[in-house]
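final.cif follows (mmCIF, C-alpha atoms and all ligand atoms):
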```cif
data_target
loop_
_atom_site.label_atom_id
_atom_site.label_comp_id
_atom_site.auth_asym_id
_atom_site.auth_seq_id
_atom_site.Cartn_x
_atom_site.Cartn_y
_atom_site.Cartn_z
CA MET F 1 -24.67 -4.74 20.12
CA ALA F 2 -27.13 -5.76 17.48
CA SER F 3 -26.86 -8.94 15.52
CA GLN F 4 -23.98 -8.93 13.12
CA GLU F 5 -25.89 -10.92 10.57
CA THR F 6 -24.81 -9.34 7.34
CA LYS F 7 -27.42 -8.74 4.73
CA ARG F 8 -26.66 -10.46 1.48
CA GLY F 9 -24.23 -8.40 -0.51
CA ALA F 10 -24.80 -10.97 -3.20
CA ASP F 11 -27.69 -9.47 -5.04
CA ARG F 12 -26.65 -5.87 -4.87
CA PRO F 13 -25.62 -4.44 -8.20
CA GLY F 14 -22.01 -3.91 -7.19
CA GLU F 15 -19.80 -0.94 -7.83
CA THR F 16 -19.70 -0.98 -11.58
CA THR F 17 -19.28 2.73 -12.14
CA ALA F 18 -15.52 2.90 -11.86
CA ALA F 19 -13.90 5.56 -13.95
CA HIS F 20 -10.97 3.54 -15.16
CA VAL F 21 -11.79 0.51 -17.22
CA ILE F 22 -8.73 -1.47 -18.17
CA ASP F 23 -8.38 -3.86 -21.02
CA ARG F 24 -6.33 -7.02 -20.87
CA ARG F 25 -3.20 -5.36 -22.23
CA GLN F 26 -3.34 -2.64 -19.60
CA PHE F 27 -3.93 -5.29 -16.99
CA LEU F 28 -0.75 -7.06 -18.00
CA GLN F 29 1.13 -3.77 -18.03
CA TYR F 30 -0.20 -3.02 -14.59
CA THR F 31 1.05 -6.29 -13.26
CA GLY F 32 4.38 -5.83 -15.04
CA THR F 33 3.97 -9.13 -16.83
CA VAL F 34 4.07 -9.92 -20.53
CA LEU F 35 2.47 -12.95 -22.05
CA GLY F 36 4.66 -15.12 -24.24
CA GLY F 37 3.38 -17.82 -26.57
CA VAL F 38 0.04 -19.50 -26.33
CA THR F 39 -1.22 -19.47 -22.79
CA LEU F 40 -4.02 -21.14 -20.97
CA ALA F 41 -5.82 -17.85 -20.68
CA SER F 42 -5.40 -16.89 -24.33
CA ALA F 43 -6.54 -20.35 -25.42
CA ALA F 44 -9.52 -19.96 -23.19
CA GLN F 45 -10.21 -16.55 -24.70
CA ALA F 46 -10.20 -18.09 -28.16
CA ALA F 47 -12.54 -20.77 -26.97
CA ARG F 48 -14.75 -18.10 -25.48
CA ALA F 49 -14.94 -16.26 -28.79
CA ALA F 50 -15.86 -19.46 -30.60
CA SER F 51 -18.35 -20.68 -28.08
CA HIS F 52 -22.07 -20.23 -28.23
CA ASP F 53 -22.50 -21.52 -24.70
CA LEU F 54 -22.96 -18.14 -23.14
CA ALA F 55 -24.41 -17.58 -19.75
CA SER F 56 -27.01 -15.22 -21.14
CA THR F 57 -28.55 -18.00 -23.19
CA SER F 58 -28.67 -20.38 -20.32
CA GLY F 59 -31.37 -22.46 -18.83
CA ARG F 60 -29.44 -25.62 -19.55
CA GLY F 61 -26.64 -25.97 -17.06
CA GLY F 62 -23.93 -28.54 -17.64
CA ASN F 63 -24.05 -31.99 -16.10
CA GLY F 64 -27.66 -31.82 -15.08
CA SER F 65 -27.15 -28.93 -12.70
CA VAL F 66 -29.39 -25.99 -12.02
CA ALA F 67 -30.78 -23.73 -14.66
CA THR F 68 -29.53 -20.16 -14.61
CA ALA F 69 -32.29 -18.25 -16.31
CA ARG F 70 -32.65 -16.01 -13.27
CA PRO F 71 -29.94 -13.42 -12.63
CA LEU F 72 -26.82 -14.78 -11.01
CA VAL F 73 -25.97 -13.49 -7.57
CA ARG F 74 -22.76 -11.74 -6.64
CA VAL F 75 -20.74 -13.63 -4.05
CA ALA F 76 -17.82 -11.18 -3.83
CA ALA F 77 -18.00 -9.56 -0.40
CA ASP F 78 -17.93 -5.77 -0.40
CA PRO F 79 -14.45 -5.11 1.04
CA SER F 80 -15.74 -2.04 2.87
CA ARG F 81 -18.52 -3.91 4.67
CA ILE F 82 -16.90 -4.13 8.10
CA PRO F 83 -18.54 -3.43 11.46
CA PRO F 84 -17.10 -0.23 13.03
CA PRO F 85 -14.34 -0.33 15.66
CA ILE F 86 -15.64 -1.24 19.11
CA THR F 87 -15.78 1.65 21.55
CA ARG F 88 -17.34 -0.01 24.61
CA ARG F 89 -15.07 -0.98 27.49
CA ARG F 90 -17.07 -3.87 28.94
CA PRO F 91 -17.61 -7.40 27.65
CA ALA F 92 -20.85 -8.10 25.84
CA VAL F 93 -22.78 -11.01 24.42
CA VAL F 94 -22.69 -10.60 20.65
CA PRO F 95 -25.36 -12.39 18.63
CA VAL F 96 -24.08 -13.66 15.29
CA THR F 97 -26.09 -15.48 12.65
CA LEU F 98 -24.35 -17.43 9.93
CA GLU F 99 -26.30 -19.26 7.26
CA ALA F 100 -24.84 -21.74 4.80
CA ARG F 101 -25.95 -20.78 1.31
CA GLU F 102 -25.23 -22.85 -1.77
CA VAL F 103 -25.52 -20.51 -4.74
CA MET F 104 -24.77 -20.48 -8.44
CA ALA F 105 -22.63 -17.48 -9.32
CA GLU F 106 -20.00 -16.38 -11.79
CA ILE F 107 -16.30 -16.74 -11.07
CA GLU F 108 -15.79 -14.38 -13.98
CA PRO F 109 -18.35 -13.22 -16.54
CA GLY F 110 -19.71 -16.25 -18.37
CA VAL F 111 -18.14 -18.84 -16.05
CA ARG F 112 -20.68 -20.30 -13.65
CA PHE F 113 -19.87 -22.30 -10.54
CA ARG F 114 -21.84 -23.65 -7.61
CA PHE F 115 -20.40 -21.81 -4.63
CA MET F 116 -20.92 -22.65 -0.99
CA THR F 117 -20.95 -19.56 1.21
CA TYR F 118 -21.68 -18.09 4.58
CA ASN F 119 -24.57 -15.64 4.11
CA GLY F 120 -24.07 -15.55 0.34
CA GLN F 121 -20.69 -13.83 0.39
CA ILE F 122 -17.00 -14.70 0.10
CA PRO F 123 -15.31 -14.31 2.44
CA GLY F 124 -18.15 -14.78 4.94
CA PRO F 125 -19.39 -11.92 7.12
CA PHE F 126 -16.68 -9.97 8.98
CA ILE F 127 -17.40 -10.68 12.66
CA ARG F 128 -16.05 -8.06 15.05
CA VAL F 129 -15.93 -8.55 18.81
CA ARG F 130 -13.78 -7.48 21.74
CA GLU F 131 -11.52 -9.71 23.81
CA GLY F 132 -13.70 -11.15 26.58
CA ASP F 133 -16.94 -10.97 24.57
CA THR F 134 -19.18 -13.99 24.23
CA ILE F 135 -20.29 -14.92 20.72
CA ASP F 136 -23.84 -16.27 20.68
CA LEU F 137 -23.92 -18.02 17.31
CA THR F 138 -26.93 -19.24 15.42
CA PHE F 139 -25.89 -21.42 12.51
CA ARG F 140 -28.51 -22.31 9.90
CA ASN F 141 -28.40 -24.86 7.13
CA PRO F 142 -31.54 -24.19 5.06
CA ARG F 143 -33.61 -27.05 3.71
CA THR F 144 -32.79 -25.91 0.16
CA ASN F 145 -29.11 -26.85 0.60
CA THR F 146 -27.73 -30.21 -0.49
CA GLU F 147 -24.81 -30.64 1.94
CA ALA F 148 -24.01 -30.75 5.63
CA HIS F 149 -22.15 -27.64 6.84
CA ASN F 150 -20.67 -26.23 10.04
CA VAL F 151 -18.18 -23.68 11.39
CA ASP F 152 -14.72 -24.09 12.93
CA PHE F 153 -13.66 -20.84 14.61
CA HIS F 154 -9.94 -20.45 15.25
CA ALA F 155 -10.99 -17.83 17.78
CA ALA F 156 -12.82 -20.49 19.85
CA MET F 157 -11.09 -22.54 22.53
CA GLY F 158 -12.91 -25.89 22.41
CA PRO F 159 -13.31 -29.09 20.39
CA GLY F 160 -13.07 -28.44 16.67
CA GLY F 161 -13.49 -24.72 17.24
CA GLY F 162 -17.20 -25.51 17.36
CA ALA F 163 -17.25 -27.78 14.32
CA LEU F 164 -19.17 -30.62 15.95
CA ALA F 165 -21.48 -28.30 17.88
CA THR F 166 -22.50 -26.56 14.66
CA TRP F 167 -22.61 -29.58 12.33
CA THR F 168 -25.98 -29.44 10.61
CA GLU F 169 -27.75 -31.27 7.83
CA PRO F 170 -30.01 -29.32 5.42
CA GLY F 171 -33.06 -28.13 7.33
CA GLU F 172 -31.28 -27.90 10.70
CA GLU F 173 -30.15 -25.04 12.93
CA ALA F 174 -27.48 -25.20 15.64
CA HIS F 175 -26.37 -22.89 18.43
CA LEU F 176 -22.94 -22.28 19.94
CA ARG F 177 -21.68 -19.93 22.60
CA PHE F 178 -18.00 -19.26 23.08
CA ARG F 179 -15.93 -16.59 24.73
CA ALA F 180 -13.33 -14.78 22.66
CA SER F 181 -10.61 -15.19 25.26
CA TYR F 182 -7.61 -14.09 23.18
CA PRO F 183 -7.21 -11.22 20.69
CA GLY F 184 -6.36 -11.38 17.00
CA ALA F 185 -7.79 -11.81 13.54
CA PHE F 186 -8.80 -15.42 12.99
CA ILE F 187 -10.24 -17.47 10.20
CA TYR F 188 -13.47 -19.38 10.50
CA HIS F 189 -14.30 -22.07 7.98
CA CYS F 190 -16.46 -25.07 7.20
CA ALA F 191 -15.05 -28.29 8.63
CA VAL F 192 -17.32 -31.13 7.56
CA SER F 193 -15.76 -34.34 6.23
CA ASN F 194 -14.98 -32.89 2.78
CA MET F 195 -13.93 -29.60 4.27
CA ASP F 196 -11.31 -28.93 1.60
CA MET F 197 -14.02 -28.91 -1.06
CA HIS F 198 -16.30 -26.71 1.04
CA ILE F 199 -13.57 -24.16 1.72
CA SER F 200 -12.58 -24.18 -1.95
CA SER F 201 -16.22 -23.53 -2.76
CA GLY F 202 -16.14 -20.42 -0.56
CA MET F 203 -16.85 -21.36 3.06
CA PHE F 204 -14.43 -19.25 5.06
CA GLY F 205 -14.39 -15.85 6.71
CA LEU F 206 -12.70 -13.74 9.39
CA ILE F 207 -13.49 -12.92 12.99
CA LEU F 208 -11.60 -10.02 14.55
CA VAL F 209 -11.21 -10.14 18.31
CA GLU F 210 -10.08 -6.63 19.18
CA PRO F 211 -7.61 -6.28 22.04
CA LYS F 212 -9.14 -4.60 25.10
CA LYS F 213 -7.32 -1.37 24.30
CA GLY F 214 -8.56 -1.42 20.68
CA LEU F 215 -6.59 -0.95 17.47
CA PRO F 216 -4.77 2.13 16.16
CA ARG F 217 -7.01 4.56 14.32
CA VAL F 218 -6.97 4.42 10.51
CA ASP F 219 -8.97 6.22 7.85
CA ARG F 220 -10.30 3.13 6.08
CA GLU F 221 -10.53 -0.61 6.62
CA PHE F 222 -10.78 -3.28 3.92
CA TYR F 223 -11.70 -6.96 4.14
CA LEU F 224 -10.22 -9.40 1.65
CA GLY F 225 -10.02 -13.17 1.39
CA GLN F 226 -8.02 -15.33 -0.98
CA HIS F 227 -8.78 -18.90 -1.95
CA GLU F 228 -8.40 -21.21 -4.90
CA ILE F 229 -11.11 -22.90 -6.97
CA TYR F 230 -10.65 -26.27 -8.64
CA THR F 231 -12.89 -26.68 -11.67
CA ASN F 232 -13.12 -29.24 -14.43
CA LYS F 233 -12.46 -26.72 -17.21
CA PRO F 234 -9.68 -24.26 -18.00
CA ALA F 235 -10.00 -20.78 -16.54
CA GLY F 236 -11.99 -18.51 -18.81
CA LEU F 237 -13.86 -21.23 -20.70
CA PRO F 238 -17.49 -20.09 -20.74
CA GLY F 239 -20.25 -22.22 -19.32
CA GLU F 240 -20.78 -24.04 -16.07
CA HIS F 241 -17.71 -25.40 -14.33
CA ASP F 242 -18.09 -28.31 -11.95
CA PHE F 243 -15.91 -28.94 -8.94
CA ASP F 244 -12.92 -31.17 -9.79
CA VAL F 245 -11.80 -33.19 -6.78
CA GLY F 246 -8.87 -34.67 -8.73
CA ALA F 247 -7.53 -31.21 -9.51
CA MET F 248 -7.86 -30.35 -5.83
CA VAL F 249 -5.91 -33.43 -4.78
CA ARG F 250 -3.21 -32.48 -7.29
CA GLU F 251 -3.44 -28.88 -6.03
CA GLU F 252 -3.91 -27.56 -9.57
CA PRO F 253 -6.57 -24.85 -9.33
CA SER F 254 -8.27 -23.20 -12.28
CA TYR F 255 -8.67 -19.98 -10.36
CA VAL F 256 -6.99 -18.22 -7.46
CA VAL F 257 -9.27 -15.38 -6.45
CA ILE F 258 -9.75 -12.55 -3.99
CA ASN F 259 -13.27 -12.27 -2.55
CA GLY F 260 -14.52 -15.18 -4.62
CA ALA F 261 -14.31 -13.55 -8.03
CA ALA F 262 -11.63 -13.46 -10.71
CA ARG F 263 -10.36 -9.88 -10.83
CA GLY F 264 -13.54 -9.02 -8.96
CA LEU F 265 -12.36 -5.96 -7.02
CA THR F 266 -11.07 -4.13 -10.07
CA PRO F 267 -12.57 -1.37 -12.22
CA LYS F 268 -13.54 -3.86 -14.87
CA ARG F 269 -15.85 -5.87 -12.63
CA TYR F 270 -17.27 -4.76 -9.28
CA GLY F 271 -15.01 -1.74 -8.91
CA ALA F 272 -11.78 -0.88 -7.14
CA MET F 273 -11.52 0.17 -3.52
CA HIS F 274 -11.05 3.93 -3.18
CA VAL F 275 -8.96 6.09 -0.84
CA ARG F 276 -7.64 9.64 -0.72
CA THR F 277 -3.95 10.41 -1.00
CA GLY F 278 -2.45 11.02 2.42
CA SER F 279 -4.85 8.58 4.07
CA THR F 280 -4.25 5.29 5.84
CA ALA F 281 -5.97 1.95 5.43
CA ARG F 282 -5.91 -1.29 7.35
CA VAL F 283 -6.32 -4.49 5.38
CA TYR F 284 -7.69 -7.65 6.99
CA PHE F 285 -6.64 -10.55 4.80
CA VAL F 286 -7.75 -14.14 5.31
CA VAL F 287 -6.51 -17.09 3.27
CA GLY F 288 -9.01 -19.90 3.03
CA GLY F 289 -6.87 -22.03 0.77
CA PRO F 290 -7.61 -24.88 1.17
CA ASN F 291 -4.07 -25.60 -0.03
CA LEU F 292 -2.18 -22.57 -1.34
CA SER F 293 -0.40 -19.91 0.68
CA SER F 294 -0.54 -16.34 -0.55
CA SER F 295 2.58 -14.23 -1.11
CA PHE F 296 0.63 -11.10 -0.32
CA HIS F 297 2.06 -7.99 -1.94
CA PRO F 298 0.88 -4.43 -2.68
CA ILE F 299 2.26 -3.46 -6.10
CA GLY F 300 3.65 0.08 -5.94
CA ASN F 301 3.49 0.24 -2.16
CA VAL F 302 4.66 -1.58 0.94
CA TRP F 303 2.97 -2.94 4.04
CA HIS F 304 3.82 -0.11 6.42
CA GLU F 305 2.94 -2.21 9.43
CA LEU F 306 2.12 -5.89 9.29
CA TRP F 307 0.93 -8.22 12.02
CA PRO F 308 1.83 -11.81 11.05
CA GLU F 309 -0.92 -14.35 11.66
CA GLY F 310 -3.27 -11.50 12.47
CA SER F 311 -1.71 -11.41 15.93
CA VAL F 312 -2.53 -7.78 16.60
CA ILE F 313 -1.40 -7.94 20.21
CA ASN F 314 2.26 -8.18 19.08
CA ALA F 315 4.46 -5.42 17.70
CA PRO F 316 4.08 -5.17 13.92
CA LEU F 317 6.74 -5.76 11.31
CA ARG F 318 7.62 -2.59 9.37
CA PHE F 319 7.94 -1.90 5.64
CA ILE F 320 7.25 -5.41 4.43
CA GLN F 321 7.14 -5.99 0.66
CA THR F 322 5.66 -9.50 0.41
CA TYR F 323 4.39 -11.67 3.21
CA ALA F 324 3.47 -15.34 3.18
CA VAL F 325 0.01 -16.03 4.53
CA PRO F 326 -0.74 -19.74 4.89
CA PRO F 327 -4.13 -21.36 4.43
CA GLY F 328 -6.10 -21.22 7.63
CA SER F 329 -4.61 -17.92 8.71
CA THR F 330 -4.78 -14.17 8.33
CA THR F 331 -2.64 -11.12 8.20
CA VAL F 332 -3.48 -7.58 9.26
CA ALA F 333 -1.51 -4.82 7.56
CA THR F 334 -1.64 -1.09 7.02
CA LEU F 335 -1.02 0.93 3.89
CA ARG F 336 -0.38 4.61 3.39
CA PHE F 337 -1.13 6.36 0.12
CA PRO F 338 1.24 9.29 -0.39
CA VAL F 339 0.99 8.93 -4.19
CA ALA F 340 -2.09 9.02 -6.43
CA GLY F 341 -2.86 6.02 -8.58
CA ASP F 342 -3.52 2.32 -8.25
CA VAL F 343 -2.12 -0.05 -5.65
CA LYS F 344 -2.66 -3.62 -6.83
CA LEU F 345 -2.99 -6.27 -4.21
CA VAL F 346 -1.74 -9.60 -5.49
CA ASP F 347 -0.37 -12.98 -4.63
CA HIS F 348 3.21 -12.52 -5.86
CA ALA F 349 3.12 -16.05 -7.23
CA LEU F 350 2.25 -14.05 -10.34
CA THR F 351 0.91 -16.82 -12.53
CA ARG F 352 -2.06 -16.67 -10.21
CA VAL F 353 -2.48 -13.03 -11.17
CA VAL F 354 -1.97 -13.31 -14.92
CA HIS F 355 -3.83 -16.56 -15.53
CA GLN F 356 -5.99 -17.26 -12.50
CA GLY F 357 -7.60 -13.97 -11.54
CA CYS F 358 -5.84 -13.04 -8.26
CA LEU F 359 -5.99 -9.25 -8.30
CA ALA F 360 -7.68 -6.48 -6.32
CA VAL F 361 -7.13 -2.74 -6.78
CA ILE F 362 -7.07 0.17 -4.35
CA HIS F 363 -7.25 3.47 -6.19
CA ALA F 364 -5.81 6.54 -4.45
CA GLU F 365 -7.15 9.89 -5.59
CA GLY F 366 -5.84 13.34 -4.78
CA ALA F 367 -2.73 15.46 -5.01
CA HIS F 368 0.73 14.20 -4.18
CA ASP F 369 4.26 15.48 -3.84
CA PRO F 370 5.87 15.03 -7.28
CA THR F 371 9.32 14.69 -5.76
CA LEU F 372 8.16 11.41 -4.32
CA PHE F 373 7.06 9.96 -7.65
CA GLN F 374 6.80 11.43 -11.12
CA ALA F 375 6.67 9.68 -14.48
CA GLY F 376 9.05 11.39 -16.93
CA GLY F 377 7.26 10.59 -20.19
CA ARG F 378 8.67 8.53 -23.04
CA ARG F 379 9.84 9.05 -26.61
CA GLN F 380 10.90 7.06 -29.64
CA LEU F 381 14.64 6.34 -29.88
CU CU F 401 -19.79 -26.56 4.31
#
```

Once you've parsed the file, please lay out its structure as structure tokens.
Amino acid sequence: MASQETKRGADRPGETTAAHVIDRRQFLQYTGTVLGGVTLASAAQAARAASHDLASTSGRGGNGSVATARPLVRVAADPSRIPPPITRRRPAVVPVTLEAREVMAEIEPGVRFRFMTYNGQIPGPFIRVREGDTIDLTFRNPRTNTEAHNVDFHAAMGPGGGALATWTEPGEEAHLRFRASYPGAFIYHCAVSNMDMHISSGMFGLILVEPKKGLPRVDREFYLGQHEIYTNKPAGLPGEHDFDVGAMVREEPSYVVINGAARGLTPKRYGAMHVRTGSTARVYFVVGGPNLSSSFHPIGNVWHELWPEGSVINAPLRFIQTYAVPPGSTTVATLRFPVAGDVKLVDHALTRVVHQGCLAVIHAEGAHDPTLFQAGGRRQL
């Protein structure tokens, strides 16, 4: 198998051609939540309207940080960018290259943040191997970085999951070989001394170790990762946000995001995921944290099968509405789409959806049986 080094999704234009653009009101209707009183987000919106500190005028970052005159990269991983299911029946040595990249990008339009990533994307590249394979990892920390980085694989049996073996300063490269001796979907993450900050800045991803007999066939697969970002300004306030260690210690994030971007995988930003009615999809979901669990829920649907902890070797749970996924873990779950329309993937701690950006959309297109679901219209009383 060829190297699984994933090309940077960061500087691709993204899927911005979605047909359905929602405004904030629709967004709130979608999530079934109504704002009352003055909120953090609405205050931030007012501040945004009043502010002249727009990203487009930049060149002067806050607190002496980098200028942003050049276009900002996209860190949100393409949820469809997953290596195909493995068909071979013998173990292989799988070369994998991960590179730590510290990049300035937007959490939401106008809000800049210095992310730390694997290969420029959040979550990091989806690594797919088969039980019994050997991962031959090259880990690079380019000279242009400012921090030490490494990788702790929960799929690796050995000290630190490889954290010490891969610990590199800027300008260094390290190598690690390990055998994927047990199946499942596992997180990998940075594990240097201030690992909580590095994970909160984006350094986590998922490695799938397929069981020897493979996984059930599905029509589509999607790759999503949730984590929280602790910044020194309220969510939505334009300009550059710096990392706020105090907020992290208090566990009070500004943002809780899916794939590194506030409402990133929605029609209004990089685009929704798309499926056909009658199809099936498998979702690989990793929670980086570093501190918050996700109450993972598909609005207007149900997890038809769900493998807790990504333990795909076990029998799945059936028809699960909301499932808790702790930091440092994963879940694998399937959806079916008998009805056309949007399925919104959220953390059902809904403040994180309304005020902190935790939303991704799967849009199902096609015909469906109206006896299963049909809106009856509305009228004035
Ligand atoms: Cu790191």

Give me, as a PyMOL selection string, the set of residues whose atoms come within 9 Å of any atom of ligand CU 401 (chain F), counting only C-alpha atoms and all ligand atoms. chain F and resi 100-102+116-118+147-151+189-195+197-199+201-203

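Between atom CA of Val93 of chain F and atom CA of Phe204 of chain F the separation is 22.6 Å.
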
Measuring between all atoms listed in the file, which one of F:Asn291, F:Asn259, F:Thr322, F:Thr134 shows the shortest distance to Ser80 of chain F? F:Asn259

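In terms of minimum interatomic distance to Glu240 of chain F, F:Pro109 ranks closest within F:Pro109, F:Gly260, F:Gly184, F:Pro125, counting all atoms listed in the file.
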
Within 7 Å of Ala156 of chain F, counting only C-alpha atoms, which residues qualify if same-chain residues fewer than 4 places away don't, as JSON, numbers by chain? {"F": [161, 178, 179, 180]}

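Distance-wise, atom CA of Tyr230 of chain F and atom CA of Phe243 of chain F end up 5.9 Å apart.
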
Segment 211-225 of chain F: which residues within 6 Å, counting all atoms listed in the file, same-chain residues fewer than 6 positions away excluded, as a ChimeraX atom specification? /F:79-80,123,131,183,258-259,280-287

Enclosing box along x, y and z for every listed atom of segment 344-363 of chain F, padded 8 Å each side, centre and size in Å, one decimal, as AutoDock Vina command-line options:
```
--center_x -2.2 --center_y -6.9 --center_z -9.9 --size_x 26.9 --size_y 36.7 --size_z 27.3
```

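In this structure, atom CA of Leu359 of chain F sits 14.6 Å away from atom CA of Ile229 of chain F.
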
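With only C-alpha atoms as the atoms that count, the minimum distance from Val346 of chain F to the choices F:Val256, F:Asp242, F:Leu317, F:Leu176 is reached by F:Val256.
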
Find the residues near segment 137-144 of chain F: any atom within 8 Å, counting all atoms listed in the file, skip ones fewer than 4 places away on the same chain, and give them as a PyMOL selection string. chain F and resi 95-101+148-150+166+168-177

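Residues lying within 6 Å of Phe126 of chain F, counting all atoms listed in the file and ignoring same-chain neighbours fewer than 4 positions away, are Ile82, Leu206 and Ile207 of chain F.
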